[in-house]
Amino acid sequence: MVVRLERRAAMHDKRHHLRTLTCSKSVKRKNVTMDDLLCIYKLKLKLEAVKRELSNLIAIKRELQLPKKGVEVEKGEKGFLVRVICEKGGDKLVSILEVFEEMGLTVSHARVSCNLYLSMEAIVVAEEERELHVKSIAQAITKAIERQ
């Protein structure tokens, strides 16, 4: 009999703790349980909303950090300075290097990064003494990137 009373007192304490955690006004065990389940469901919904908002903020932050995408070509003393910034994926770097080869350009110095996007800065020199225009190089590189 004493064990039964102790068990009942322990259950009463547990229900009391549950009522205080969930701000339940109910005294009945069934109602307290339903209030607890409702509270857990509401917390799940709030957690999902917070996760969604966090992913949206991370996406916005990435967009703000990305530099302007495109191709810039400048004529320098020794050759051409080529800057390319685009989304990574595919064989874009290979396509760009193939364009250089087709146009008769040799890469004398290059720096490439592929963290959030493909970023390349290269100095290219013409193998032969022929007229190359900045616009023609930029258009060829842009076409190669768009093909991917």
# chains A, B, ... in the order shown; residues from 1 in each chain; ligands from 1
call {"tool": "residues_around", "arguments": {"residues": "A:Met120", "least_positions_apart": "2", "cutoff": "8 Å", "atoms": "only C-alpha atoms", "output": "PDB file with C-alpha atoms, in the first residue's frame"}}
result
ATOM      1  CA  VAL A  82      42.033  38.214 -68.242  1.00  0.00           C
ATOM      2  CA  ARG A  83      39.690  38.161 -65.245  1.00  0.00           C
ATOM      3  CA  VAL A  84      36.833  35.651 -65.161  1.00  0.00           C
ATOM      4  CA  ILE A  85      34.230  35.289 -62.404  1.00  0.00           C
ATOM      5  CA  ALA A 110      47.416  32.382 -63.696  1.00  0.00           C
ATOM      6  CA  ARG A 111      45.602  32.329 -60.367  1.00  0.00           C
ATOM      7  CA  VAL A 112      42.410  30.273 -59.946  1.00  0.00           C
ATOM      8  CA  SER A 113      40.030  29.911 -56.993  1.00  0.00           C
ATOM      9  CA  LEU A 118      35.076  30.140 -60.182  1.00  0.00           C
ATOM     10  CA  ALA A 122      45.529  35.172 -65.924  1.00  0.00           C
TER      11      ALA A 122
END
call {"tool": "residues_around", "arguments": {"residues": "A:Lys78", "least_positions_apart": "5", "cutoff": "9 Å", "atoms": "only C-alpha atoms", "output": "MDAnalysis selection string"}}
result
chainID A and resid 123:125
call {"tool": "write_last_selection", "arguments": {"atoms": "N, CA, C and O atoms", "output": "mmCIF file, in the first residue's frame"}}
result
data_model
loop_
_atom_site.group_PDB
_atom_site.id
_atom_site.type_symbol
_atom_site.label_atom_id
_atom_site.label_comp_id
_atom_site.auth_asym_id
_atom_site.auth_seq_id
_atom_site.Cartn_x
_atom_site.Cartn_y
_atom_site.Cartn_z
ATOM 1 N N ILE A 123 47.426 36.075 -67.040
ATOM 2 C CA ILE A 123 48.122 36.897 -68.028
ATOM 3 C C ILE A 123 48.418 35.975 -69.194
ATOM 4 O O ILE A 123 49.081 34.943 -69.035
ATOM 5 N N VAL A 124 47.875 36.336 -70.358
ATOM 6 C CA VAL A 124 48.063 35.510 -71.546
ATOM 7 C C VAL A 124 48.836 36.304 -72.591
ATOM 8 O O VAL A 124 48.669 37.517 -72.722
ATOM 9 N N VAL A 125 49.693 35.596 -73.303
ATOM 10 C CA VAL A 125 50.550 36.215 -74.314
ATOM 11 C C VAL A 125 50.278 35.525 -75.641
ATOM 12 O O VAL A 125 50.141 34.292 -75.700
#
call {"tool": "closest_residue", "arguments": {"among": "A:Val32, A:Val107, A:Ile96, A:Val3", "to": "A:His16", "atoms": "only C-alpha atoms"}}
result
A:Val32
call {"tool": "select_by_dssp", "arguments": {"residues": "chain A", "states": "helix (DSSP H, G or I)", "output": "number ranges by chain"}}
result
A: 2-22, 29-65, 92-102, 134-147
call {"tool": "closest_residue", "arguments": {"among": "A:Lys69, A:Lys51, A:Lys75, A:Arg15", "to": "A:Tyr117", "atoms": "only C-alpha atoms"}}
result
A:Lys69
call {"tool": "closest_residue", "arguments": {"among": "A:Ala140, A:Ile145, A:Leu5, A:Cys114", "to": "A:Glu102", "atoms": "only C-alpha atoms"}}
result
A:Ala140
call {"tool": "atom_distance", "arguments": {"atom1": "atom CA of A:Ser119", "atom2": "atom CA of A:Leu132"}}
result
23.2 Å
call {"tool": "select_by_dssp", "arguments": {"residues": "stretch 40-105 of chain A", "states": "strand (DSSP E)", "output": "list in words"}}
result
Gly70, Val71, Glu72, Val73, Glu74, Lys75, Phe80, Leu81, Val82, Arg83, Val84, Ile85, Cys86 and Leu105 of chain A
call {"tool": "closest_residue", "arguments": {"among": "A:Lys92, A:Cys86, A:Val2, A:Val71", "to": "A:Ala138", "atoms": "only C-alpha atoms"}}
result
A:Val71
